[in-house]
Amino acid sequence: MNKKIMLIAIVLLAGITGWLLHYFSDREVIKRKFNSIATELSKQGEESPVALALKMRPVKDFIAPSCRVIVPETNYQESLDPDLVIRYLMLYRSRQSSLEITMDKILVDIPGKGLAEVSALVHVTANLNQPDFFDEVHQLTFSLHKEDKKWLLHQTTLPAALVYR
């Protein structure tokens with residue numbers, strides 16, 4: 001009886017340890033962060049300035065001090081600071097009466113210590129029940145660096161349709 005209890009405890013401990021290692025792995029942390037950011041960028045109707053500031057804070061904290069933005073179709077490449085990125089996102093959101101962003105098929109590759117390459121399908125639905133309604137899916141890529149135990153966005157490649165809409 002004592003051996004059975006010990007065996008059950010060992011198996012349970014191994015299972016919990018395996019789950020914790022998976023849950024807190026860099027890949028899973030990055031996936032959860034991108035899903036969280038997508039939720040923060042979504043919008044349902046008008047927002048107060050305070051609500052907008054509270055939603056943009058986690059987004060700003062995720063962006064590195066210098067983030068390279070690339071739009072291949074227009075040959076646009078520039079390094080932007082987090083304030084400028086947030087200003088663009090706020091303007092983009094203000095043009096939409098509603099905005100829902102979800103990230104699907106998030107693939108995380110960790111080529112080296114403190115480096116991550118992320119590819120994701122981003123589903124953008126805006127202006128529901130409006131004449132200017134749109135529903136699009138775009139492939140985006142991101143490069144992240146880990147600084148002070150925190151993943152930061154250093155580069156993103158965006159399609160022109162998402163930037164200039």
# chains A, B, ... in the order shown; residues from 1 in each chain; ligands from 1

call {"tool": "select_by_dssp", "arguments": {"residues": "chain A", "states": "strand (DSSP E or B)", "output": "JSON, numbers by chain"}}
result
{"A": [43, 44, 63, 64, 65, 66, 67, 68, 69, 70, 71, 76, 77, 78, 79, 80, 98, 99, 100, 101, 102, 103, 104, 105, 106, 107, 108, 109, 110, 111, 112, 115, 116, 117, 118, 119, 120, 121, 122, 123, 124, 125, 126, 134, 135, 136, 137, 138, 139, 140, 141, 142, 143, 144, 145, 146, 147, 150, 151, 152, 153, 154, 155, 156, 157]}

call {"tool": "select_by_dssp", "arguments": {"residues": "stretch 61-142 of chain A", "states": "helix (DSSP H, G or I)", "output": "list in words"}}
result
Asp61, Phe62, Pro72, Glu73, Thr74, Pro82, Asp83, Leu84, Val85, Ile86, Arg87, Tyr88, Leu89, Met90, Leu91, Tyr92, Arg93 and Ser94 of chain A

call {"tool": "closest_residue", "arguments": {"among": "A:Leu20, A:Ala116, A:Ile101, A:Leu52", "to": "A:Ile86", "atoms": "only C-alpha atoms"}}
result
A:Leu52

call {"tool": "residues_around", "arguments": {"residues": "A:Ser36", "least_positions_apart": "5", "cutoff": "12 Å", "atoms": "only C-alpha atoms", "output": "list in words"}}
result
Val29, Ile30, Lys31, Leu41, Ser42, Lys55, Met56, Arg57, Pro58, Val59, Phe62, Ile101, Thr102 and Met103 of chain A

call {"tool": "residues_around", "arguments": {"residues": "stretch 144-152 of chain A", "least_positions_apart": "3", "cutoff": "12 Å", "atoms": "only C-alpha atoms", "output": "PyMOL selection string"}}
result
chain A and resi 26-34+58-68+82+108-119+141+155-156

call {"tool": "residues_around", "arguments": {"residues": "A:Val124", "least_positions_apart": "3", "cutoff": "8 Å", "atoms": "only C-alpha atoms", "output": "PyMOL selection string"}}
result
chain A and resi 99-102+134-137

call {"tool": "atom_distance", "arguments": {"atom1": "atom CA of A:Leu153", "atom2": "atom CA of A:Glu46"}}
result
27.9 Å

call {"tool": "closest_residue", "arguments": {"among": "A:Ile10, A:Ile5, A:Val69, A:Ala51", "to": "A:Pro159", "atoms": "only C-alpha atoms"}}
result
A:Val69

call {"tool": "atom_distance", "arguments": {"atom1": "atom CA of A:Thr39", "atom2": "atom CA of A:Gln77"}}
result
26.4 Å

call {"tool": "decode", "arguments": {"residues": "stretch 2-36 of chain A", "atoms": "N, CA, C and O atoms", "output": "PDB file, in the first residue's frame"}}
result
ATOM      1  N   ASN A   2       1.937   1.248   0.782  1.00  0.00           N
ATOM      2  CA  ASN A   2       2.826   2.396   0.887  1.00  0.00           C
ATOM      3  C   ASN A   2       3.546   2.669  -0.441  1.00  0.00           C
ATOM      4  O   ASN A   2       3.753   3.817  -0.809  1.00  0.00           O
ATOM      5  N   LYS A   3       3.900   1.580  -1.166  1.00  0.00           N
ATOM      6  CA  LYS A   3       4.565   1.730  -2.455  1.00  0.00           C
ATOM      7  C   LYS A   3       3.618   2.317  -3.491  1.00  0.00           C
ATOM      8  O   LYS A   3       4.036   3.122  -4.335  1.00  0.00           O
ATOM      9  N   LYS A   4       2.341   1.950  -3.445  1.00  0.00           N
ATOM     10  CA  LYS A   4       1.352   2.488  -4.377  1.00  0.00           C
ATOM     11  C   LYS A   4       1.191   3.997  -4.162  1.00  0.00           C
ATOM     12  O   LYS A   4       1.138   4.761  -5.126  1.00  0.00           O
ATOM     13  N   ILE A   5       1.108   4.405  -2.926  1.00  0.00           N
ATOM     14  CA  ILE A   5       0.958   5.839  -2.621  1.00  0.00           C
ATOM     15  C   ILE A   5       2.192   6.596  -3.097  1.00  0.00           C
ATOM     16  O   ILE A   5       2.079   7.681  -3.683  1.00  0.00           O
ATOM     17  N   MET A   6       3.360   6.026  -2.853  1.00  0.00           N
ATOM     18  CA  MET A   6       4.604   6.674  -3.283  1.00  0.00           C
ATOM     19  C   MET A   6       4.658   6.770  -4.802  1.00  0.00           C
ATOM     20  O   MET A   6       5.047   7.806  -5.346  1.00  0.00           O
ATOM     21  N   LEU A   7       4.257   5.717  -5.510  1.00  0.00           N
ATOM     22  CA  LEU A   7       4.247   5.715  -6.965  1.00  0.00           C
ATOM     23  C   LEU A   7       3.262   6.752  -7.501  1.00  0.00           C
ATOM     24  O   LEU A   7       3.584   7.508  -8.433  1.00  0.00           O
ATOM     25  N   ILE A   8       2.072   6.817  -6.924  1.00  0.00           N
ATOM     26  CA  ILE A   8       1.065   7.796  -7.335  1.00  0.00           C
ATOM     27  C   ILE A   8       1.588   9.212  -7.105  1.00  0.00           C
ATOM     28  O   ILE A   8       1.433  10.091  -7.954  1.00  0.00           O
ATOM     29  N   ALA A   9       2.231   9.443  -5.975  1.00  0.00           N
ATOM     30  CA  ALA A   9       2.782  10.773  -5.669  1.00  0.00           C
ATOM     31  C   ALA A   9       3.873  11.157  -6.668  1.00  0.00           C
ATOM     32  O   ALA A   9       3.922  12.303  -7.126  1.00  0.00           O
ATOM     33  N   ILE A  10       4.725  10.219  -7.028  1.00  0.00           N
ATOM     34  CA  ILE A  10       5.804  10.490  -7.981  1.00  0.00           C
ATOM     35  C   ILE A  10       5.230  10.797  -9.363  1.00  0.00           C
ATOM     36  O   ILE A  10       5.654  11.752 -10.013  1.00  0.00           O
ATOM     37  N   VAL A  11       4.262   9.995  -9.794  1.00  0.00           N
ATOM     38  CA  VAL A  11       3.639  10.227 -11.098  1.00  0.00           C
ATOM     39  C   VAL A  11       2.924  11.587 -11.111  1.00  0.00           C
ATOM     40  O   VAL A  11       3.038  12.357 -12.071  1.00  0.00           O
ATOM     41  N   LEU A  12       2.205  11.899 -10.045  1.00  0.00           N
ATOM     42  CA  LEU A  12       1.503  13.175  -9.939  1.00  0.00           C
ATOM     43  C   LEU A  12       2.488  14.345  -9.937  1.00  0.00           C
ATOM     44  O   LEU A  12       2.292  15.338 -10.643  1.00  0.00           O
ATOM     45  N   LEU A  13       3.561  14.230  -9.191  1.00  0.00           N
ATOM     46  CA  LEU A  13       4.586  15.265  -9.140  1.00  0.00           C
ATOM     47  C   LEU A  13       5.243  15.457 -10.503  1.00  0.00           C
ATOM     48  O   LEU A  13       5.471  16.589 -10.944  1.00  0.00           O
ATOM     49  N   ALA A  14       5.526  14.356 -11.186  1.00  0.00           N
ATOM     50  CA  ALA A  14       6.126  14.435 -12.525  1.00  0.00           C
ATOM     51  C   ALA A  14       5.165  15.103 -13.507  1.00  0.00           C
ATOM     52  O   ALA A  14       5.577  15.931 -14.327  1.00  0.00           O
ATOM     53  N   GLY A  15       3.889  14.768 -13.425  1.00  0.00           N
ATOM     54  CA  GLY A  15       2.881  15.378 -14.297  1.00  0.00           C
ATOM     55  C   GLY A  15       2.755  16.872 -14.059  1.00  0.00           C
ATOM     56  O   GLY A  15       2.722  17.672 -15.002  1.00  0.00           O
ATOM     57  N   ILE A  16       2.687  17.272 -12.802  1.00  0.00           N
ATOM     58  CA  ILE A  16       2.576  18.695 -12.458  1.00  0.00           C
ATOM     59  C   ILE A  16       3.835  19.439 -12.890  1.00  0.00           C
ATOM     60  O   ILE A  16       3.747  20.532 -13.464  1.00  0.00           O
ATOM     61  N   THR A  17       4.997  18.853 -12.664  1.00  0.00           N
ATOM     62  CA  THR A  17       6.258  19.483 -13.066  1.00  0.00           C
ATOM     63  C   THR A  17       6.320  19.653 -14.585  1.00  0.00           C
ATOM     64  O   THR A  17       6.701  20.715 -15.089  1.00  0.00           O
ATOM     65  N   GLY A  18       5.916  18.625 -15.316  1.00  0.00           N
ATOM     66  CA  GLY A  18       5.894  18.704 -16.781  1.00  0.00           C
ATOM     67  C   GLY A  18       4.958  19.792 -17.278  1.00  0.00           C
ATOM     68  O   GLY A  18       5.296  20.563 -18.177  1.00  0.00           O
ATOM     69  N   TRP A  19       3.773  19.878 -16.679  1.00  0.00           N
ATOM     70  CA  TRP A  19       2.806  20.906 -17.069  1.00  0.00           C
ATOM     71  C   TRP A  19       3.356  22.297 -16.772  1.00  0.00           C
ATOM     72  O   TRP A  19       3.242  23.206 -17.600  1.00  0.00           O
ATOM     73  N   LEU A  20       3.960  22.488 -15.604  1.00  0.00           N
ATOM     74  CA  LEU A  20       4.518  23.795 -15.243  1.00  0.00           C
ATOM     75  C   LEU A  20       5.655  24.195 -16.179  1.00  0.00           C
ATOM     76  O   LEU A  20       5.755  25.355 -16.593  1.00  0.00           O
ATOM     77  N   LEU A  21       6.511  23.231 -16.517  1.00  0.00           N
ATOM     78  CA  LEU A  21       7.608  23.524 -17.447  1.00  0.00           C
ATOM     79  C   LEU A  21       7.068  23.933 -18.816  1.00  0.00           C
ATOM     80  O   LEU A  21       7.588  24.846 -19.457  1.00  0.00           O
ATOM     81  N   HIS A  22       6.002  23.273 -19.263  1.00  0.00           N
ATOM     82  CA  HIS A  22       5.382  23.631 -20.541  1.00  0.00           C
ATOM     83  C   HIS A  22       4.709  24.999 -20.445  1.00  0.00           C
ATOM     84  O   HIS A  22       4.918  25.854 -21.298  1.00  0.00           O
ATOM     85  N   TYR A  23       3.908  25.223 -19.418  1.00  0.00           N
ATOM     86  CA  TYR A  23       3.137  26.459 -19.264  1.00  0.00           C
ATOM     87  C   TYR A  23       4.040  27.687 -19.175  1.00  0.00           C
ATOM     88  O   TYR A  23       3.742  28.726 -19.746  1.00  0.00           O
ATOM     89  N   PHE A  24       5.155  27.567 -18.482  1.00  0.00           N
ATOM     90  CA  PHE A  24       6.052  28.700 -18.297  1.00  0.00           C
ATOM     91  C   PHE A  24       7.231  28.700 -19.274  1.00  0.00           C
ATOM     92  O   PHE A  24       8.169  29.481 -19.109  1.00  0.00           O
ATOM     93  N   SER A  25       7.173  27.863 -20.306  1.00  0.00           N
ATOM     94  CA  SER A  25       8.224  27.863 -21.323  1.00  0.00           C
ATOM     95  C   SER A  25       8.146  29.159 -22.118  1.00  0.00           C
ATOM     96  O   SER A  25       7.099  29.806 -22.208  1.00  0.00           O
ATOM     97  N   ASP A  26       9.258  29.557 -22.709  1.00  0.00           N
ATOM     98  CA  ASP A  26       9.291  30.800 -23.481  1.00  0.00           C
ATOM     99  C   ASP A  26       8.249  30.792 -24.596  1.00  0.00           C
ATOM    100  O   ASP A  26       7.580  31.798 -24.837  1.00  0.00           O
ATOM    101  N   ARG A  27       8.092  29.672 -25.272  1.00  0.00           N
ATOM    102  CA  ARG A  27       7.114  29.593 -26.368  1.00  0.00           C
ATOM    103  C   ARG A  27       5.697  29.895 -25.883  1.00  0.00           C
ATOM    104  O   ARG A  27       4.972  30.671 -26.500  1.00  0.00           O
ATOM    105  N   GLU A  28       5.304  29.292 -24.789  1.00  0.00           N
ATOM    106  CA  GLU A  28       3.944  29.495 -24.284  1.00  0.00           C
ATOM    107  C   GLU A  28       3.755  30.899 -23.708  1.00  0.00           C
ATOM    108  O   GLU A  28       2.686  31.495 -23.861  1.00  0.00           O
ATOM    109  N   VAL A  29       4.782  31.443 -23.070  1.00  0.00           N
ATOM    110  CA  VAL A  29       4.708  32.811 -22.545  1.00  0.00           C
ATOM    111  C   VAL A  29       4.511  33.787 -23.700  1.00  0.00           C
ATOM    112  O   VAL A  29       3.683  34.702 -23.623  1.00  0.00           O
ATOM    113  N   ILE A  30       5.253  33.603 -24.786  1.00  0.00           N
ATOM    114  CA  ILE A  30       5.133  34.478 -25.951  1.00  0.00           C
ATOM    115  C   ILE A  30       3.745  34.358 -26.581  1.00  0.00           C
ATOM    116  O   ILE A  30       3.122  35.362 -26.921  1.00  0.00           O
ATOM    117  N   LYS A  31       3.242  33.146 -26.729  1.00  0.00           N
ATOM    118  CA  LYS A  31       1.900  32.961 -27.302  1.00  0.00           C
ATOM    119  C   LYS A  31       0.848  33.664 -26.452  1.00  0.00           C
ATOM    120  O   LYS A  31      -0.031  34.350 -26.986  1.00  0.00           O
ATOM    121  N   ARG A  32       0.933  33.510 -25.142  1.00  0.00           N
ATOM    122  CA  ARG A  32      -0.044  34.168 -24.267  1.00  0.00           C
ATOM    123  C   ARG A  32       0.075  35.688 -24.367  1.00  0.00           C
ATOM    124  O   ARG A  32      -0.925  36.395 -24.354  1.00  0.00           O
ATOM    125  N   LYS A  33       1.297  36.189 -24.502  1.00  0.00           N
ATOM    126  CA  LYS A  33       1.501  37.641 -24.605  1.00  0.00           C
ATOM    127  C   LYS A  33       0.862  38.182 -25.883  1.00  0.00           C
ATOM    128  O   LYS A  33       0.197  39.215 -25.855  1.00  0.00           O
ATOM    129  N   PHE A  34       1.052  37.491 -27.000  1.00  0.00           N
ATOM    130  CA  PHE A  34       0.444  37.951 -28.250  1.00  0.00           C
ATOM    131  C   PHE A  34      -1.075  37.903 -28.183  1.00  0.00           C
ATOM    132  O   PHE A  34      -1.743  38.819 -28.669  1.00  0.00           O
ATOM    133  N   ASN A  35      -1.631  36.873 -27.591  1.00  0.00           N
ATOM    134  CA  ASN A  35      -3.090  36.818 -27.449  1.00  0.00           C
ATOM    135  C   ASN A  35      -3.600  37.933 -26.542  1.00  0.00           C
ATOM    136  O   ASN A  35      -4.645  38.527 -26.798  1.00  0.00           O
ATOM    137  N   SER A  36      -2.853  38.246 -25.504  1.00  0.00           N
ATOM    138  CA  SER A  36      -3.218  39.332 -24.601  1.00  0.00           C
ATOM    139  C   SER A  36      -3.178  40.683 -25.321  1.00  0.00           C
ATOM    140  O   SER A  36      -4.082  41.515 -25.164  1.00  0.00           O
TER     141      SER A  36
END
